[in-house]
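Chemist: For reference, this is my_file35.cif, and it has mmCIF, C-alpha atoms and all ligand atoms.
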```cif
data_work
loop_
_atom_site.label_atom_id
_atom_site.label_comp_id
_atom_site.auth_asym_id
_atom_site.auth_seq_id
_atom_site.Cartn_x
_atom_site.Cartn_y
_atom_site.Cartn_z
CA MET A 1 4.04 13.08 -51.26
CA LEU A 2 3.34 11.45 -47.93
CA GLU A 3 5.94 13.66 -46.27
CA SER A 4 5.13 16.56 -43.99
CA VAL A 5 4.91 20.16 -45.17
CA VAL A 6 8.44 20.78 -43.89
CA SER A 7 10.03 17.93 -45.84
CA LEU A 8 8.00 18.83 -48.90
CA ALA A 9 9.34 22.40 -48.65
CA ARG A 10 12.88 21.03 -48.37
CA GLN A 11 12.34 18.99 -51.56
CA GLN A 12 10.88 21.96 -53.41
CA LEU A 13 13.08 24.78 -52.13
CA GLY A 14 16.35 23.09 -51.13
CA ALA A 15 18.51 25.11 -48.72
CA ASP A 16 16.10 28.07 -48.97
CA ALA A 17 13.56 26.07 -46.99
CA ASP A 18 15.85 25.89 -43.96
CA LYS A 19 16.60 29.61 -44.18
CA LEU A 20 12.87 30.25 -44.09
CA ILE A 21 12.22 27.78 -41.28
CA ALA A 22 14.94 29.46 -39.20
CA VAL A 23 13.05 32.77 -39.19
CA ALA A 24 9.43 31.57 -39.42
CA PRO A 25 7.13 31.46 -36.38
CA ARG A 26 6.99 28.11 -34.55
CA ASP A 27 3.25 27.62 -34.87
CA ALA A 28 0.50 27.11 -37.42
CA ARG A 29 1.85 30.09 -39.40
CA LEU A 30 4.89 28.02 -40.42
CA ALA A 31 2.74 25.98 -42.84
CA THR A 32 1.37 29.22 -44.33
CA TRP A 33 4.88 30.60 -44.87
CA LEU A 34 6.09 27.39 -46.48
CA TRP A 35 3.14 27.02 -48.87
CA ASP A 36 3.47 30.65 -49.96
CA ALA A 37 7.21 30.21 -50.56
CA MET A 38 6.65 27.00 -52.54
CA ALA A 39 3.91 28.55 -54.66
CA LEU A 40 6.12 31.54 -55.42
CA ALA A 41 9.13 29.41 -56.32
CA ARG A 42 7.30 26.55 -58.05
CA PRO A 43 3.94 27.72 -59.39
CA GLU A 44 3.97 24.81 -61.85
CA ALA A 45 3.82 22.33 -58.97
CA PHE A 46 0.35 23.66 -58.15
CA GLY A 47 -1.09 24.10 -61.64
CA LEU A 48 -1.80 27.67 -60.58
CA THR A 49 -4.07 29.53 -62.95
CA VAL A 50 -4.93 32.38 -60.58
CA SER A 51 -2.80 35.02 -58.96
CA LEU A 52 -1.16 34.12 -55.66
CA ARG A 53 -3.27 36.69 -53.88
CA ASP A 54 -6.31 34.51 -54.64
CA THR A 55 -4.85 31.44 -52.98
CA THR A 56 -4.72 30.23 -49.40
CA PRO A 57 -2.31 27.69 -47.88
CA LEU A 58 -5.14 25.16 -47.80
CA SER A 59 -6.05 25.71 -51.44
CA LEU A 60 -2.37 25.31 -52.36
CA ALA A 61 -2.14 22.12 -50.32
CA LEU A 62 -5.27 20.76 -51.98
CA ARG A 63 -4.04 21.65 -55.48
CA TYR A 64 -0.70 20.04 -54.76
CA ALA A 65 -2.33 16.88 -53.39
CA GLN A 66 -4.67 16.60 -56.36
CA LEU A 67 -1.70 16.73 -58.73
CA ALA A 68 0.84 14.69 -56.76
CA ALA A 69 -1.34 12.09 -55.02
CA PRO A 70 -4.74 12.12 -56.74
CA THR A 71 -5.82 8.86 -55.12
CA LEU A 72 -5.64 10.41 -51.64
CA VAL A 73 -8.23 13.10 -52.43
CA ALA A 74 -11.56 11.81 -53.68
CA PRO A 75 -15.15 12.94 -54.08
CA LEU A 76 -17.30 12.06 -51.07
CA VAL A 77 -19.46 9.06 -51.98
CA LEU A 78 -22.91 9.39 -50.45
CA THR A 79 -25.39 6.58 -49.91
CA VAL A 80 -28.69 6.71 -51.78
CA PRO A 81 -30.61 7.93 -48.67
CA GLU A 82 -27.94 10.58 -47.99
CA ARG A 83 -28.16 11.83 -51.59
CA ALA A 84 -31.94 11.99 -51.35
CA ALA A 85 -31.79 13.84 -48.01
CA LEU A 86 -29.27 16.36 -49.37
CA ALA A 87 -31.38 17.00 -52.48
CA GLU A 88 -34.48 17.50 -50.37
CA LEU A 89 -32.79 19.94 -47.98
CA ARG A 90 -31.21 21.91 -50.83
CA ALA A 91 -34.63 22.25 -52.46
CA LEU A 92 -36.15 23.45 -49.17
CA VAL A 93 -33.45 26.04 -48.53
CA VAL A 94 -33.57 27.27 -52.14
CA ALA A 95 -37.34 27.69 -51.82
CA TRP A 96 -37.01 29.53 -48.49
CA THR A 97 -34.15 31.83 -49.53
CA GLY A 98 -34.69 32.27 -53.29
CA LEU A 99 -30.93 31.85 -53.69
CA ASN A 100 -30.40 30.46 -57.19
CA THR A 101 -26.69 29.79 -56.71
CA TRP A 102 -27.45 26.56 -54.84
CA THR A 103 -26.06 24.29 -57.51
CA PRO A 104 -24.50 20.87 -56.90
CA PHE A 105 -21.21 21.35 -55.11
CA GLU A 106 -18.18 19.12 -54.99
CA HIS A 107 -17.49 17.59 -51.57
CA LEU A 108 -13.96 16.19 -51.37
CA VAL A 109 -12.48 13.91 -48.73
CA PHE A 110 -8.79 13.46 -48.05
CA ASP A 111 -6.90 10.51 -46.66
CA PRO A 112 -4.86 11.32 -43.50
CA ARG A 113 -1.79 9.73 -45.16
CA CYS A 114 -1.70 12.84 -47.33
CA LEU A 115 0.34 14.59 -44.63
CA PRO A 116 0.98 18.00 -46.20
CA LEU A 117 -2.76 18.43 -46.72
CA ALA A 118 -3.67 16.96 -43.31
CA GLU A 119 -1.19 19.24 -41.52
CA THR A 120 -2.36 22.30 -43.41
CA PHE A 121 -6.01 21.48 -42.74
CA ALA A 122 -5.24 21.14 -39.03
CA ALA A 123 -3.32 24.43 -39.00
CA ALA A 124 -6.01 26.29 -40.93
CA CYS A 125 -9.01 24.86 -39.09
CA THR A 126 -8.10 24.54 -35.45
CA ARG A 127 -11.66 25.48 -34.50
CA SER A 128 -13.50 23.79 -37.36
CA GLY A 129 -15.19 20.55 -36.40
CA GLY A 130 -16.48 20.12 -39.92
CA GLY A 131 -15.10 20.92 -43.30
CA VAL A 132 -13.87 23.90 -45.22
CA ALA A 133 -15.66 25.58 -48.09
CA PHE A 134 -13.35 27.25 -50.58
CA THR A 135 -15.43 30.35 -50.93
CA PHE A 136 -13.88 33.33 -52.70
CA HIS A 137 -11.40 31.09 -54.46
CA PRO A 138 -11.81 31.57 -58.22
CA THR A 139 -10.91 28.01 -59.20
CA LEU A 140 -12.25 26.13 -56.17
CA ASP A 141 -15.49 28.04 -55.75
CA ARG A 142 -17.72 24.97 -55.73
CA VAL A 143 -15.52 22.78 -53.56
CA ALA A 144 -15.66 21.83 -49.89
CA LEU A 145 -13.05 19.65 -48.19
CA TYR A 146 -13.25 17.23 -45.24
CA PRO A 147 -10.83 14.88 -43.46
CA GLN A 148 -11.84 11.25 -43.93
CA ARG A 149 -12.12 10.58 -40.19
CA PHE A 150 -14.64 13.42 -39.73
CA ILE A 151 -16.96 11.80 -42.27
CA ALA A 152 -17.04 8.52 -40.35
CA GLY A 153 -17.77 10.43 -37.12
CA PHE A 154 -20.63 12.42 -38.69
CA ARG A 155 -22.17 9.23 -40.04
CA ARG A 156 -22.41 7.75 -36.56
CA GLN A 157 -25.01 10.40 -35.70
CA HIS A 158 -28.08 10.13 -37.93
CA GLY A 159 -28.51 13.17 -40.17
CA LEU A 160 -25.34 14.93 -39.06
CA LEU A 161 -23.26 14.27 -42.19
CA VAL A 162 -25.85 15.77 -44.54
CA ALA A 163 -26.38 18.69 -42.14
CA VAL A 164 -22.63 19.45 -42.18
CA LEU A 165 -22.62 19.32 -45.99
CA MET A 166 -25.49 21.83 -45.93
CA HIS A 167 -23.38 24.08 -43.66
CA GLU A 168 -20.55 24.20 -46.21
CA GLU A 169 -22.99 24.56 -49.13
CA THR A 170 -24.52 27.60 -47.42
CA HIS A 171 -21.10 29.27 -47.43
CA LEU A 172 -20.57 28.36 -51.10
CA ALA A 173 -24.03 29.41 -52.29
CA ALA A 174 -23.81 32.73 -50.44
CA ALA A 175 -20.34 33.45 -51.89
CA LEU A 176 -21.50 32.66 -55.43
CA ALA A 177 -24.42 35.07 -55.00
CA VAL A 178 -21.91 37.93 -55.30
CA PRO A 179 -20.00 37.22 -58.53
CA GLY A 180 -16.27 37.77 -58.31
CA ALA A 181 -16.43 38.45 -54.56
CA ARG A 182 -13.12 38.29 -52.76
CA GLY A 183 -14.07 38.14 -49.12
CA LEU A 184 -16.24 39.32 -46.29
CA ARG A 185 -17.18 42.91 -45.58
CA GLY A 186 -16.99 43.80 -41.90
CA SER A 187 -17.73 41.03 -39.47
CA ALA A 188 -17.80 37.36 -40.41
CA HIS A 189 -20.62 36.72 -37.91
CA PRO A 190 -23.63 36.82 -40.28
CA TRP A 191 -21.71 34.52 -42.59
CA GLU A 192 -21.07 31.83 -40.00
CA ASN A 193 -24.46 32.35 -38.36
CA ALA A 194 -26.32 31.48 -41.58
CA ALA A 195 -24.28 28.33 -42.14
CA GLN A 196 -24.75 27.16 -38.54
CA LEU A 197 -28.47 27.88 -38.63
CA VAL A 198 -28.92 25.93 -41.89
CA GLN A 199 -26.89 23.07 -40.41
CA HIS A 200 -29.02 22.82 -37.27
CA VAL A 201 -32.32 23.17 -39.13
CA SER A 202 -31.14 20.45 -41.55
CA TYR A 203 -30.12 18.16 -38.70
CA LEU A 204 -33.41 18.55 -36.81
CA THR A 205 -35.41 18.09 -40.03
CA LEU A 206 -33.65 14.81 -40.76
CA ARG A 207 -33.72 13.62 -37.15
CA ASN A 208 -37.40 14.42 -36.57
CA GLY A 209 -38.69 13.74 -40.09
CA HIS A 210 -40.10 17.26 -40.51
CA VAL A 211 -39.00 20.90 -40.39
CA PRO A 212 -38.95 21.82 -36.68
CA PRO A 213 -41.24 24.54 -35.32
CA ARG A 214 -39.43 27.67 -34.17
CA SER A 215 -39.80 26.73 -30.48
CA THR A 216 -38.06 23.35 -30.98
CA LEU A 217 -35.28 24.99 -32.98
CA ALA A 218 -34.79 27.73 -30.36
CA ALA A 219 -34.60 25.20 -27.51
CA TYR A 220 -32.05 23.13 -29.43
CA LEU A 221 -29.90 26.17 -30.30
CA ASP A 222 -29.97 27.36 -26.69
CA ARG A 223 -28.26 24.13 -25.72
CA PHE A 224 -25.87 23.60 -28.61
CA SER A 225 -25.18 26.73 -30.67
CA PRO A 226 -24.99 30.17 -29.02
CA ARG A 227 -24.59 32.33 -32.12
CA PRO A 228 -27.73 31.22 -34.01
CA ALA A 229 -29.52 31.05 -30.63
CA ARG A 230 -28.94 34.80 -30.18
CA PHE A 231 -29.98 35.44 -33.79
CA VAL A 232 -33.27 33.57 -33.36
CA ALA A 233 -33.98 35.24 -30.01
CA ALA A 234 -33.51 38.68 -31.60
CA ALA A 235 -35.57 37.97 -34.77
CA PRO A 236 -39.19 39.19 -35.11
CA ARG A 237 -41.59 36.79 -33.37
CA ALA A 238 -43.66 36.38 -36.55
CA LEU A 239 -40.84 34.64 -38.42
CA SER A 240 -41.15 30.88 -38.77
CA VAL A 241 -38.14 28.62 -39.41
CA PRO A 242 -38.18 29.21 -43.21
CA GLY A 243 -38.32 32.95 -42.56
CA LEU A 244 -35.44 32.76 -40.08
CA VAL A 245 -33.29 30.86 -42.59
CA ALA A 246 -34.11 33.37 -45.35
CA ARG A 247 -33.22 36.29 -43.04
CA ALA A 248 -29.92 34.69 -41.96
CA VAL A 249 -28.87 33.83 -45.51
CA SER A 250 -29.66 37.28 -46.87
CA ALA A 251 -27.59 38.82 -44.04
CA ALA A 252 -24.73 36.47 -45.01
CA VAL A 253 -24.92 37.57 -48.66
CA ALA A 254 -25.04 41.23 -47.58
CA ALA A 255 -21.82 40.67 -45.59
CA ILE A 256 -19.90 39.70 -48.74
CA ALA A 257 -17.71 42.30 -50.36
CA PRO A 258 -18.17 42.61 -54.13
CA ALA A 259 -15.12 42.40 -56.40
CA ASP A 260 -13.02 45.54 -56.44
ZN ZN B 301 -18.79 27.66 -41.33
#
```
For this file, produce the structure as structure tokens.
Ligand SMILES: [Zn+2]

Modeler:
Amino acid sequence: MLESVVSLARQQLGADADKLIAVAPRDARLATWLWDAMALARPEAFGLTVSLRDTTPLSLALRYAQLAAPTLVAPLVLTVPERAALAELRALVVAWTGLNTWTPFEHLVFDPRCLPLAETFAAACTRSGGGVAFTFHPTLDRVALYPQRFIAGFRRQHGLLVAVLMHEETHLAAALAVPGARGLRGSAHPWENAAQLVQHVSYLTLRNGHVPPRSTLAAYLDRFSPRPARFVAAAPRALSVPGLVARAVSAAVAAIAPAD
């Protein structure tokens, strides 16, 4: 189980793995090809209960890891103050947005020794500095996943860990607001904008001890987060921070395609 995706594929697929590797692209897409081939050939190794079209390489890697090396994937254990901060921020964002799908979510952390999962995470999330929320996945719809080393890094900056968890929960809550949804409609921008905005508002709230005024938020976003900075600059002047969050989250929900 501690082997790489390539050796795992060789174990699962035998000589077929090398035939596939010979023609597969030499980049992050190789992991995608191998997980798809393994799931097709060995669905039982993944405990698959959904059709392959509803899976992603990362969800397959997570399923495999949970079955084959359950001790290397564990729920994130929060401290008492972190739990309290998360509960408080959830309640605030629920009150601001009216989104009733903000239920407790499962935050999972994986050990880097779980190589197939670590490699697949790296391939799937080259730009993600946080976690991954398994939105639109029928059996992982309440789950977000993080590498262990990220968690330690977030904890070094006060408030950042809980803010990142709020980012992933925004994706999950928005996805669950459209039952059976399978993906995004049109651009993914409103989707990511809402999650980033909630993350930064959460971080500033925890760092400063109160919800920031719009001017403080705008100044912070101008320095650190261009997408929500543009969103805030374009929003009606009368909107306060709760109103901005509500507007961003409803745009994210509107960007989700209902089930076909
Ligand atoms: Zn995101």

Chemist: List all protein, DNA and RNA residues that have at least one atom no more than 9 Å from any atom of ligand ZN 301 (chain B), counting all atoms listed in the file, and write them as a list in words.

Modeler: Ser128, Gly130, Gly131, Val132, Ala133, His167, Glu168, Thr170, His171, Trp191, Glu192, Asn193, Ala194, Ala195 and Gln196 of chain A

Chemist: Quick one, how far is atom CA of A:Val198 from atom CA of A:Pro236?

Modeler: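 Atom CA of A:Pro236 lies 18.1 Å from atom CA of A:Val198.
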
Chemist: Would you give me, as a Markdown table, each residue of stretch 27-113 of chain A having an atom within 12 Å of an atom of stretch 240-246 of chain A, along with its shortest atom pair and that distance in Å to one decimal, using all atoms listed in the file and sorting by chain and residue number?

Modeler:
```
| residue | atom | partner | partner_atom | distance |
| --- | --- | --- | --- | --- |
| A:Leu89 | CA | A:Pro242 | CA | 11.7 |
| A:Leu92 | CA | A:Pro242 | CA | 8.5 |
| A:Val93 | CA | A:Val245 | CA | 7.7 |
| A:Val94 | CA | A:Ala246 | CA | 9.1 |
| A:Ala95 | CA | A:Pro242 | CA | 8.8 |
| A:Trp96 | CA | A:Pro242 | CA | 5.4 |
| A:Thr97 | CA | A:Ala246 | CA | 4.5 |
| A:Gly98 | CA | A:Ala246 | CA | 8.0 |
| A:Leu99 | CA | A:Ala246 | CA | 9.1 |
```

Chemist: Could those residues be written to a file, using C-alpha atoms, as an mmCIF file, in the coordinates of the input?

Modeler:
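Once everything was written out, this is again_11.cif:
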```cif
data_model
loop_
_atom_site.group_PDB
_atom_site.id
_atom_site.type_symbol
_atom_site.label_atom_id
_atom_site.label_comp_id
_atom_site.auth_asym_id
_atom_site.auth_seq_id
_atom_site.Cartn_x
_atom_site.Cartn_y
_atom_site.Cartn_z
ATOM 1 C CA LEU A 89 -32.790 19.940 -47.980
ATOM 2 C CA LEU A 92 -36.150 23.450 -49.170
ATOM 3 C CA VAL A 93 -33.450 26.040 -48.530
ATOM 4 C CA VAL A 94 -33.570 27.270 -52.140
ATOM 5 C CA ALA A 95 -37.340 27.690 -51.820
ATOM 6 C CA TRP A 96 -37.010 29.530 -48.490
ATOM 7 C CA THR A 97 -34.150 31.830 -49.530
ATOM 8 C CA GLY A 98 -34.690 32.270 -53.290
ATOM 9 C CA LEU A 99 -30.930 31.850 -53.690
#
```

Chemist: For stretch 62-65 of chain A, find every residue with an atom within 10 Å (counting all atoms listed in the file), except residues of its own chain fewer than 3 positions away, and show them as a PyMOL selection string.

Modeler: chain A and resi 1-2+35+39+44-48+56-59+68-73+108+110+114-118+120-121+140+145

Chemist: Go ahead and save the picked residues with C-alpha atoms, as an mmCIF file, in the coordinates of the input.

Modeler:
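Everything below was put into selection-v9.cif:
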```cif
data_model
loop_
_atom_site.group_PDB
_atom_site.id
_atom_site.type_symbol
_atom_site.label_atom_id
_atom_site.label_comp_id
_atom_site.auth_asym_id
_atom_site.auth_seq_id
_atom_site.Cartn_x
_atom_site.Cartn_y
_atom_site.Cartn_z
ATOM 1 C CA MET A 1 4.040 13.080 -51.260
ATOM 2 C CA LEU A 2 3.340 11.450 -47.930
ATOM 3 C CA TRP A 35 3.140 27.020 -48.870
ATOM 4 C CA ALA A 39 3.910 28.550 -54.660
ATOM 5 C CA GLU A 44 3.970 24.810 -61.850
ATOM 6 C CA ALA A 45 3.820 22.330 -58.970
ATOM 7 C CA PHE A 46 0.350 23.660 -58.150
ATOM 8 C CA GLY A 47 -1.090 24.100 -61.640
ATOM 9 C CA LEU A 48 -1.800 27.670 -60.580
ATOM 10 C CA THR A 56 -4.720 30.230 -49.400
ATOM 11 C CA PRO A 57 -2.310 27.690 -47.880
ATOM 12 C CA LEU A 58 -5.140 25.160 -47.800
ATOM 13 C CA SER A 59 -6.050 25.710 -51.440
ATOM 14 C CA ALA A 68 0.840 14.690 -56.760
ATOM 15 C CA ALA A 69 -1.340 12.090 -55.020
ATOM 16 C CA PRO A 70 -4.740 12.120 -56.740
ATOM 17 C CA THR A 71 -5.820 8.860 -55.120
ATOM 18 C CA LEU A 72 -5.640 10.410 -51.640
ATOM 19 C CA VAL A 73 -8.230 13.100 -52.430
ATOM 20 C CA LEU A 108 -13.960 16.190 -51.370
ATOM 21 C CA PHE A 110 -8.790 13.460 -48.050
ATOM 22 C CA CYS A 114 -1.700 12.840 -47.330
ATOM 23 C CA LEU A 115 0.340 14.590 -44.630
ATOM 24 C CA PRO A 116 0.980 18.000 -46.200
ATOM 25 C CA LEU A 117 -2.760 18.430 -46.720
ATOM 26 C CA ALA A 118 -3.670 16.960 -43.310
ATOM 27 C CA THR A 120 -2.360 22.300 -43.410
ATOM 28 C CA PHE A 121 -6.010 21.480 -42.740
ATOM 29 C CA LEU A 140 -12.250 26.130 -56.170
ATOM 30 C CA LEU A 145 -13.050 19.650 -48.190
#
```

Chemist: Quote the spacing between atom CA of A:Thr205 and atom CA of A:Gly159 in Å to one decimal place.

Modeler: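 Atom-to-atom, atom CA of A:Thr205 and atom CA of A:Gly159 are spaced 8.5 Å apart.
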
Chemist: Which neighbours of stretch 173-180 of chain A fall inside 6 Å, counting only C-alpha atoms, when residues of the same chain fewer than 2 positions from it are skipped, and could you give them as a list in words?

Modeler: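 Neighbouring residues, sequence-local ones excluded: Thr101, Trp102, Thr135, Glu169, Thr170, His171, Val253 and Ala259 of chain A.
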
Chemist: Using all atoms listed in the file, which residues sit within 12 Å of A:Leu160 once same-chain residues fewer than 6 positions away are excluded, as JSON, numbers by chain?

Modeler: {"A": [82, 85, 86, 129, 130, 150, 151, 152, 153, 154, 166, 167, 198, 199, 200, 201, 202, 203, 204, 205, 206, 207]}
